[in-house]
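File shown: upload.csv (CSV, C-alpha atoms and all ligand atoms).
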chain,number,residue,atom,x,y,z
A,766,MET,CA,0.0,0.0,0.0
A,767,PHE,CA,2.8,2.5,0.9
A,768,PHE,CA,5.5,3.0,-1.8
A,769,LEU,CA,8.6,5.1,-1.5
A,770,LEU,CA,10.5,7.1,-4.1
A,771,PRO,CA,13.3,9.5,-3.1
A,772,THR,CA,12.0,12.8,-4.4
A,773,PRO,CA,9.0,14.7,-5.8
A,774,GLN,CA,10.7,14.5,-9.2
A,775,ALA,CA,11.0,10.8,-9.0
A,776,ILE,CA,7.3,10.6,-8.1
A,777,ALA,CA,6.5,12.9,-11.0
A,778,ASP,CA,8.4,10.5,-13.4
A,779,TYR,CA,6.6,7.5,-12.0
A,780,VAL,CA,3.1,9.0,-12.1
A,781,SER,CA,3.6,10.5,-15.6
A,782,HIS,CA,4.8,7.1,-16.8
A,783,ARG,CA,1.7,5.4,-15.3
A,784,LEU,CA,-0.6,8.0,-17.0
A,785,ILE,CA,1.1,7.5,-20.4
A,786,GLN,CA,1.0,3.7,-20.0
A,787,LEU,CA,-2.8,4.0,-19.4
A,788,ILE,CA,-3.3,6.2,-22.4
A,789,ARG,CA,-1.4,3.9,-24.7
A,790,HIS,CA,-3.5,1.0,-23.5
A,791,LYS,CA,-6.8,2.9,-23.4
A,792,PRO,CA,-6.7,6.1,-25.5
A,793,ASP,CA,-10.2,7.1,-24.3
A,794,ALA,CA,-9.5,6.6,-20.6
A,795,VAL,CA,-11.2,8.6,-17.9
A,796,LEU,CA,-8.8,10.4,-15.5
A,797,GLY,CA,-9.6,11.7,-12.1
A,798,LEU,CA,-7.5,14.8,-11.5
A,799,ALA,CA,-6.4,16.8,-8.5
A,800,THR,CA,-4.9,20.3,-8.0
A,801,GLY,CA,-2.5,21.6,-5.4
A,802,SER,CA,1.3,21.9,-5.0
A,803,THR,CA,1.8,18.1,-5.0
A,804,MET,CA,0.5,17.8,-8.5
A,805,GLU,CA,2.5,20.6,-10.1
A,806,PRO,CA,5.7,18.6,-10.8
A,807,ILE,CA,3.6,15.7,-12.0
A,808,TYR,CA,1.7,17.7,-14.6
A,809,GLU,CA,5.0,19.4,-15.6
A,810,ARG,CA,6.6,16.0,-16.3
A,811,PHE,CA,3.5,14.7,-18.0
A,812,CYS,CA,3.3,17.6,-20.4
A,813,GLN,CA,7.0,17.1,-21.2
A,814,GLN,CA,6.5,13.4,-21.9
A,815,VAL,CA,3.4,13.9,-23.9
A,816,ALA,CA,5.3,16.3,-26.2
A,817,GLN,CA,8.4,14.1,-26.4
A,818,GLN,CA,6.5,10.9,-27.1
A,819,ASP,CA,3.8,12.5,-29.2
A,820,ILE,CA,1.0,11.1,-27.1
A,821,ASP,CA,-2.6,11.9,-28.2
A,822,VAL,CA,-4.6,13.0,-25.2
A,823,SER,CA,-7.6,14.3,-27.2
A,824,HIS,CA,-9.7,11.2,-26.6
A,825,LEU,CA,-9.4,11.3,-22.8
A,826,THR,CA,-12.1,12.5,-20.5
A,827,THR,CA,-11.1,14.2,-17.2
A,828,PHE,CA,-12.9,14.9,-14.0
A,829,ASN,CA,-11.4,17.2,-11.4
A,830,LEU,CA,-12.0,16.5,-7.8
A,831,ASP,CA,-13.2,19.9,-6.6
A,832,GLU,CA,-13.7,23.6,-7.0
A,833,TYR,CA,-14.2,26.5,-4.6
A,834,ILE,CA,-17.7,27.9,-4.4
A,835,GLY,CA,-17.8,31.6,-5.3
A,836,LEU,CA,-14.7,31.6,-7.6
A,837,GLY,CA,-15.3,31.8,-11.3
A,838,ALA,CA,-13.1,30.0,-13.9
A,839,ASP,CA,-11.0,33.1,-14.5
A,840,HIS,CA,-10.2,33.7,-10.8
A,841,PRO,CA,-6.4,32.9,-10.5
A,842,GLN,CA,-7.0,30.8,-7.4
A,843,SER,CA,-9.8,28.8,-8.9
A,844,TYR,CA,-9.1,25.2,-9.8
A,845,HIS,CA,-10.3,25.9,-13.4
A,846,TYR,CA,-7.5,28.4,-13.7
A,847,TYR,CA,-5.0,26.0,-12.1
A,848,MET,CA,-5.9,23.3,-14.6
A,849,ARG,CA,-5.5,25.5,-17.6
A,850,GLN,CA,-2.2,26.8,-16.2
A,851,TYR,CA,-0.6,23.5,-15.4
A,852,LEU,CA,-2.3,21.1,-18.0
A,853,PHE,CA,-5.1,22.1,-20.3
A,854,ASN,CA,-3.3,25.0,-22.0
A,855,ARG,CA,-0.2,22.9,-22.4
A,856,VAL,CA,-1.4,19.7,-24.0
A,857,ALA,CA,-4.2,19.1,-26.5
A,858,PHE,CA,-7.1,17.8,-24.3
A,859,ALA,CA,-10.5,18.0,-25.9
A,860,GLN,CA,-12.0,20.9,-23.9
A,861,HIS,CA,-15.5,19.5,-24.0
A,862,LYS,CA,-14.2,16.3,-22.2
A,863,THR,CA,-12.6,18.1,-19.3
A,864,PHE,CA,-15.0,18.5,-16.4
A,865,LEU,CA,-14.7,20.5,-13.2
A,866,PRO,CA,-17.5,21.5,-10.8
A,867,ASP,CA,-18.7,25.1,-11.4
A,868,GLY,CA,-18.0,27.3,-8.4
A,869,LEU,CA,-20.5,29.9,-9.6
A,870,CYS,CA,-23.4,27.4,-10.2
A,871,VAL,CA,-26.7,28.6,-8.8
A,872,ASP,CA,-28.3,25.2,-8.3
A,873,LEU,CA,-25.6,23.4,-6.4
A,874,ASN,CA,-27.6,20.4,-5.5
A,875,GLU,CA,-28.5,19.7,-9.1
A,876,GLN,CA,-24.9,20.2,-10.1
A,877,CYS,CA,-23.6,17.7,-7.5
A,878,GLN,CA,-26.1,15.1,-8.6
A,879,ARG,CA,-25.1,15.7,-12.3
A,880,TYR,CA,-21.4,15.5,-11.6
A,881,SER,CA,-21.5,12.0,-10.1
A,882,ASP,CA,-23.9,10.9,-12.8
A,883,LEU,CA,-21.6,12.2,-15.6
A,884,ILE,CA,-18.7,10.1,-14.2
A,885,ARG,CA,-20.9,7.0,-14.2
A,886,GLN,CA,-22.1,7.7,-17.7
A,887,ALA,CA,-18.4,8.1,-18.8
A,888,GLY,CA,-17.8,4.6,-17.6
A,889,GLY,CA,-16.2,5.5,-14.2
A,890,ILE,CA,-12.7,6.8,-13.5
A,891,ASP,CA,-9.9,4.6,-14.7
A,892,LEU,CA,-7.1,6.3,-12.7
A,893,GLN,CA,-7.7,8.8,-9.9
A,894,LEU,CA,-4.8,11.1,-8.7
A,895,LEU,CA,-5.1,12.3,-5.1
A,896,GLY,CA,-3.1,14.6,-3.0
A,897,ILE,CA,-3.9,14.7,0.8
A,898,GLY,CA,-4.6,17.6,3.1
A,899,SER,CA,-2.7,17.9,6.4
A,900,ASN,CA,-5.9,16.8,8.2
A,901,GLY,CA,-6.3,13.7,5.9
A,902,HIS,CA,-8.8,15.2,3.5
A,903,ILE,CA,-8.9,13.9,-0.1
A,904,GLY,CA,-10.7,16.1,-2.6
A,905,PHE,CA,-12.3,18.4,-0.1
A,906,ASN,CA,-13.8,15.6,1.9
A,907,GLU,CA,-13.0,16.8,5.4
A,908,PRO,CA,-12.7,14.6,8.5
A,909,GLY,CA,-16.1,13.2,9.4
A,910,THR,CA,-17.4,13.0,5.8
A,911,SER,CA,-19.3,9.8,5.1
A,912,PHE,CA,-17.5,7.1,3.2
A,913,ALA,CA,-20.8,6.7,1.2
A,914,SER,CA,-20.7,10.4,0.1
A,915,ARG,CA,-21.3,11.5,-3.5
A,916,THR,CA,-20.4,14.9,-5.0
A,917,HIS,CA,-21.5,17.4,-2.4
A,918,VAL,CA,-21.0,20.9,-1.0
A,919,VAL,CA,-18.6,21.1,1.9
A,920,ASP,CA,-17.8,23.7,4.5
A,921,LEU,CA,-14.0,23.9,4.5
A,922,SER,CA,-12.4,23.3,7.9
A,923,GLU,CA,-10.3,26.0,9.5
A,924,GLN,CA,-7.2,23.8,9.0
A,925,THR,CA,-7.8,23.5,5.3
A,926,ARG,CA,-8.5,27.3,4.9
A,927,LEU,CA,-5.3,28.0,6.8
A,928,ASP,CA,-3.3,25.5,4.7
A,929,ASN,CA,-4.6,26.9,1.5
A,930,GLY,CA,-4.3,30.5,2.6
A,931,ARG,CA,-0.8,30.5,1.1
A,932,PHE,CA,-2.3,30.7,-2.4
A,933,PHE,CA,-4.5,33.8,-1.6
A,934,ASP,CA,-3.6,37.5,-0.9
A,935,SER,CA,-5.2,37.3,2.5
A,936,GLN,CA,-6.7,34.7,4.7
A,937,ASP,CA,-10.1,36.5,4.4
A,938,HIS,CA,-10.1,35.8,0.7
A,939,VAL,CA,-10.0,32.0,1.2
A,940,PRO,CA,-13.5,30.6,0.3
A,941,THR,CA,-15.4,29.0,3.1
A,942,GLN,CA,-17.1,26.3,0.9
A,943,ALA,CA,-16.3,24.0,-2.0
A,944,ILE,CA,-17.8,21.3,-4.2
A,945,THR,CA,-16.1,18.0,-4.0
A,946,LEU,CA,-16.4,14.6,-5.4
A,947,GLY,CA,-17.6,12.3,-2.7
A,948,LEU,CA,-15.5,9.5,-1.0
A,949,GLN,CA,-17.7,6.8,-2.6
A,950,ASP,CA,-17.1,8.4,-6.1
A,951,ILE,CA,-13.4,8.4,-5.4
A,952,ALA,CA,-13.4,4.8,-4.1
A,953,GLU,CA,-15.1,3.6,-7.2
A,954,ALA,CA,-12.1,4.5,-9.4
A,955,LYS,CA,-10.4,1.5,-10.9
A,956,ASP,CA,-6.9,2.7,-9.9
A,957,ILE,CA,-5.9,5.2,-7.3
A,958,LEU,CA,-2.6,6.9,-6.7
A,959,LEU,CA,-2.5,9.0,-3.5
A,960,ILE,CA,0.6,11.1,-3.5
A,961,ALA,CA,2.3,12.9,-0.5
A,962,THR,CA,5.5,14.9,-0.7
A,963,GLY,CA,7.4,17.1,1.7
A,964,SER,CA,8.0,17.1,5.4
A,965,ASN,CA,4.7,18.9,6.1
A,966,LYS,CA,2.9,15.7,5.1
A,967,ALA,CA,5.1,13.4,7.3
A,968,GLN,CA,2.7,13.5,10.3
A,969,THR,CA,-0.3,13.0,8.1
A,970,MET,CA,1.3,9.9,6.6
A,971,ALA,CA,2.0,8.5,10.0
A,972,ASP,CA,-1.6,9.2,11.0
A,973,LEU,CA,-2.9,7.6,7.8
A,974,TYR,CA,-0.7,4.5,8.4
A,975,ALA,CA,-1.9,4.2,12.0
A,976,SER,CA,-5.6,4.8,11.1
A,977,ALA,CA,-8.2,2.1,10.7
A,978,LEU,CA,-10.9,2.6,8.1
A,979,ASP,CA,-12.3,5.6,9.8
A,980,GLU,CA,-14.3,8.6,8.6
A,981,ALA,CA,-12.2,10.8,10.9
A,982,MET,CA,-9.3,10.1,8.5
A,983,PRO,CA,-11.0,10.5,5.1
A,984,ALA,CA,-7.9,9.2,3.2
A,985,SER,CA,-8.1,5.9,5.1
A,986,ILE,CA,-10.9,4.9,2.6
A,987,VAL,CA,-8.1,4.0,0.1
A,988,LYS,CA,-7.0,1.2,2.5
A,989,ALA,CA,-10.1,-0.7,1.4
A,990,HIS,CA,-9.3,-0.3,-2.3
A,991,PRO,CA,-7.6,-3.3,-3.9
A,992,ARG,CA,-5.4,-1.4,-6.3
A,993,ALA,CA,-4.7,1.9,-4.4
A,994,MET,CA,-1.1,3.0,-4.0
A,995,VAL,CA,0.0,5.6,-1.5
A,996,ILE,CA,3.3,7.1,-2.9
A,997,VAL,CA,5.5,9.1,-0.6
A,998,ASP,CA,8.9,10.8,-1.0
A,999,GLU,CA,11.6,10.5,1.7
A,1000,ALA,CA,10.5,13.6,3.5
A,1001,ALA,CA,6.8,12.5,3.7
A,1002,ALA,CA,7.9,9.0,4.8
A,1003,ALA,CA,10.1,10.3,7.6
A,1004,LEU,CA,7.6,9.4,10.4
A,1005,LEU,CA,6.5,6.0,9.0
A,1006,PRO,CA,7.7,3.0,10.9
A,1007,GLN,CA,10.8,1.3,9.4
A,1008,GLY,CA,9.9,-1.2,6.6
A,1009,VAL,CA,6.4,0.0,5.9
A,1010,CYS,CA,7.2,1.3,2.5
A,1011,LYS,CA,8.0,-0.8,-0.5
A,1012,THR,CA,10.5,0.7,-2.9
A,1013,LEU,CA,9.3,1.6,-6.3
A,1014,THR,CA,11.5,1.3,-9.4
A,1015,GLN,CA,12.3,4.7,-10.6
A,1016,MET,CA,11.2,5.6,-14.1
A,1017,ALA,CA,13.5,7.5,-16.4
B,1,LIG,C1,-7.1,19.5,-4.6
B,1,LIG,C2,-7.4,18.5,-3.7
B,1,LIG,C3,-6.8,18.5,-2.3
B,1,LIG,C4,-5.3,18.6,-2.3
B,1,LIG,C5,-4.8,18.6,-0.9
B,1,LIG,C6,-3.2,18.7,-0.9
B,1,LIG,O1,-7.8,19.3,-5.8
B,1,LIG,O2,-8.2,17.6,-4.0
B,1,LIG,O3,-7.2,17.4,-1.6
B,1,LIG,O4,-4.8,17.4,-3.0
B,1,LIG,O5,-5.3,19.7,-0.2
B,1,LIG,O6,-2.9,19.9,-1.4
B,1,LIG,P1,-1.3,20.3,-1.7
B,1,LIG,O7,-0.9,19.3,-2.8
B,1,LIG,O8,-1.3,21.7,-2.2
B,1,LIG,O9,-0.6,20.0,-0.4
Is it possible to give me this structure as structure tokens?
Amino acid sequence: MFFLLPTPQAIADYVSHRLIQLIRHKPDAVLGLATGSTMEPIYERFCQQVAQQDIDVSHLTTFNLDEYIGLGADHPQSYHYYMRQYLFNRVAFAQHKTFLPDGLCVDLNEQCQRYSDLIRQAGGIDLQLLGIGSNGHIGFNEPGTSFASRTHVVDLSEQTRLDNGRFFDSQDHVPTQAITLGLQDIAEAKDILLIATGSNKAQTMADLYASALDEAMPASIVKAHPRAMVIVDEAAAALLPQGVCKTLTQMA
């Protein structure tokens, strides 16, 4: 379940390689995508490899995990903006097949229902990328979220608002709510790669390792998934007991 690679760059190489392997095998695969600092080197490497290897990404469908409520697609801290910046403006995805929740949507409940339905209609997620919040959230499923949850509106915890304050001009500008894919939606992905890098995730990884399947630790849901991998760099693995992590072969 826990796999170790030395650095964020080595993880980016591995994850990019996995994505490209999937696309070669299934050109119309459905990807579940995350945002945040952890994903930045991964998308960077993926864009390089897509260009170098002339990979056609135009048949893929993508679903992002989450979006802040109240931020439009052109707001620099919105996840729509992030995805254009790090991925969609850089490789030729078919725009009409890239889905994110709409943070300005008026009928949020209808949108939530539709988002989970769209994923099912697309055949389900083949490979889900996940980062993890310091409190164990995945997507924006905060501690206490039901493992049976579908796409829903969430009140962001103070911890998450503080953690994400670094992206905003002031703490007051951090939205208080978001739309997130539910834990059940995430758990239905055929493959899951949960990635944690950096010393600020070391305690979270130790907590995840020690946790039973427990809604107080949302990321623990991946422990029940037969094909989920938790991939950590050395800094994030620092507080894991010796011998817990299997070593992954590095990808060039
Ligand atoms: C973002 C998301 C979040 C982040 C998590 C870690 O789409 O789903 O769960 O993955 O907050 O964020 P970083 O990578 O910035 O530490």
Next on the checklist: Distance limit 8 Å, reference ligand LIG 1 (chain B), atoms considered: only C-alpha atoms and all ligand atoms. Which residues make the cut? Give them as number ranges by chain.
Outcome noted: A: 798-804, 829-832, 844, 895-899, 902-906, 925, 928-929, 945, 961-962, 966
Next on the checklist: To one decimal place in Å, what is the distance between atom CA of Phe768 of chain A and atom CA of Ala1002 of chain A?
Outcome noted: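 That distance, rounded to one decimal, is 9.2 Å.
In this structure, atom CA of Ala952 of chain A sits 9.3 Å away from atom CA of Ala913 of chain A.
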Checklist entry - When you draw a straight line from atom CA of Asp891 of chain A to atom CA of Ala954 of chain A, how long is it in Å? => result 5.7 Å
Next on the checklist: Taking all atoms listed in the file into account, name the residue in A:Ile834, A:Ala887, A:Leu865, A:Val919 that is nearest to Tyr847 of chain A.
Outcome noted: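 Counting all atoms listed in the file, the residue closest to Tyr847 of chain A is A:Leu865.
For Gln1007 of chain A, the list of residues within 12 Å, based on only C-alpha atoms and with local chain neighbours fewer than 4 positions off taken out, reads Phe767, Leu769, Ala971, Tyr974, Ala1002, Ala1003 and Lys1011 of chain A.
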Next on the checklist: If we count only C-alpha atoms and set the cut-off at 7 Å, which residues sit around Gln893 of chain A, ignoring sequence neighbours fewer than 3 positions away in its own chain? Please answer as an MDAnalysis selection string.
Outcome noted: chainID A and resid 796:798 890 954 956:958
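Distance annotation: of A:Val918, A:Ile951, A:Ile960, A:Leu825, the residue with the minimal separation from Glu875 of chain A is A:Val918; atom set is all atoms listed in the file.
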Item to check | Spatial neighbours of Pro866 of chain A, 12 Å, all atoms listed in the file, chain gap at least 3 places, as a PyMOL selection string | outcome: chain A and resi 827-838+843-845+863+869-881+883-884+904+916-918+943-946
Save out the residues we just selected, C-alpha atoms, as a compact mmCIF listing (two decimals), in the frame of the given file.
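File written: part03.txt
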# COMPACT_ATOMS: atom_id res chain seq x y z
CA THR A 827 -11.10 14.20 -17.20
CA PHE A 828 -12.90 14.90 -14.00
CA ASN A 829 -11.40 17.20 -11.40
CA LEU A 830 -12.00 16.50 -7.80
CA ASP A 831 -13.20 19.90 -6.60
CA GLU A 832 -13.70 23.60 -7.00
CA TYR A 833 -14.20 26.50 -4.60
CA ILE A 834 -17.70 27.90 -4.40
CA GLY A 835 -17.80 31.60 -5.30
CA LEU A 836 -14.70 31.60 -7.60
CA GLY A 837 -15.30 31.80 -11.30
CA ALA A 838 -13.10 30.00 -13.90
CA SER A 843 -9.80 28.80 -8.90
CA TYR A 844 -9.10 25.20 -9.80
CA HIS A 845 -10.30 25.90 -13.40
CA THR A 863 -12.60 18.10 -19.30
CA LEU A 869 -20.50 29.90 -9.60
CA CYS A 870 -23.40 27.40 -10.20
CA VAL A 871 -26.70 28.60 -8.80
CA ASP A 872 -28.30 25.20 -8.30
CA LEU A 873 -25.60 23.40 -6.40
CA ASN A 874 -27.60 20.40 -5.50
CA GLU A 875 -28.50 19.70 -9.10
CA GLN A 876 -24.90 20.20 -10.10
CA CYS A 877 -23.60 17.70 -7.50
CA GLN A 878 -26.10 15.10 -8.60
CA ARG A 879 -25.10 15.70 -12.30
CA TYR A 880 -21.40 15.50 -11.60
CA SER A 881 -21.50 12.00 -10.10
CA LEU A 883 -21.60 12.20 -15.60
CA ILE A 884 -18.70 10.10 -14.20
CA GLY A 904 -10.70 16.10 -2.60
CA THR A 916 -20.40 14.90 -5.00
CA HIS A 917 -21.50 17.40 -2.40
CA VAL A 918 -21.00 20.90 -1.00
CA ALA A 943 -16.30 24.00 -2.00
CA ILE A 944 -17.80 21.30 -4.20
CA THR A 945 -16.10 18.00 -4.00
CA LEU A 946 -16.40 14.60 -5.40
Checklist entry - Which polymer residues have any atom within 10 Å of an atom of Tyr779 of chain A, counting all atoms listed in the file, with same-chain residues fewer than 4 positions away left out, as a list in words? => result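 Neighbouring residues, sequence-local ones excluded: Leu770, Pro773, Gln774, Ala775, Arg783, Leu784, Ile807, Arg810, Phe811, Ile996, Leu1013, Thr1014, Gln1015, Met1016 and Ala1017 of chain A.
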Checklist entry - Quick one: of A:Val815, A:Ala975, A:Leu892, A:Met982, who's nearest to Leu1004 of chain A, counting all atoms listed in the file? => result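 Under the stated criterion, the closest residue is A:Ala975.
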Next on the checklist: With distances taken over all atoms listed in the file, which residue among A:Ala816, A:Ile776, A:Val822, A:Leu894 lies nearest Arg789 of chain A?
Outcome noted: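 Of the candidates, the smallest distance to Arg789 of chain A is held by A:Val822.
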Checklist entry - With all atoms listed in the file as the atoms that count, which of A:Val1009, A:Ala967, A:Ile986, A:Ala794 lies nearest to Glu953 of chain A? => result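 Result for the nearest residue to Glu953 of chain A: A:Ile986.
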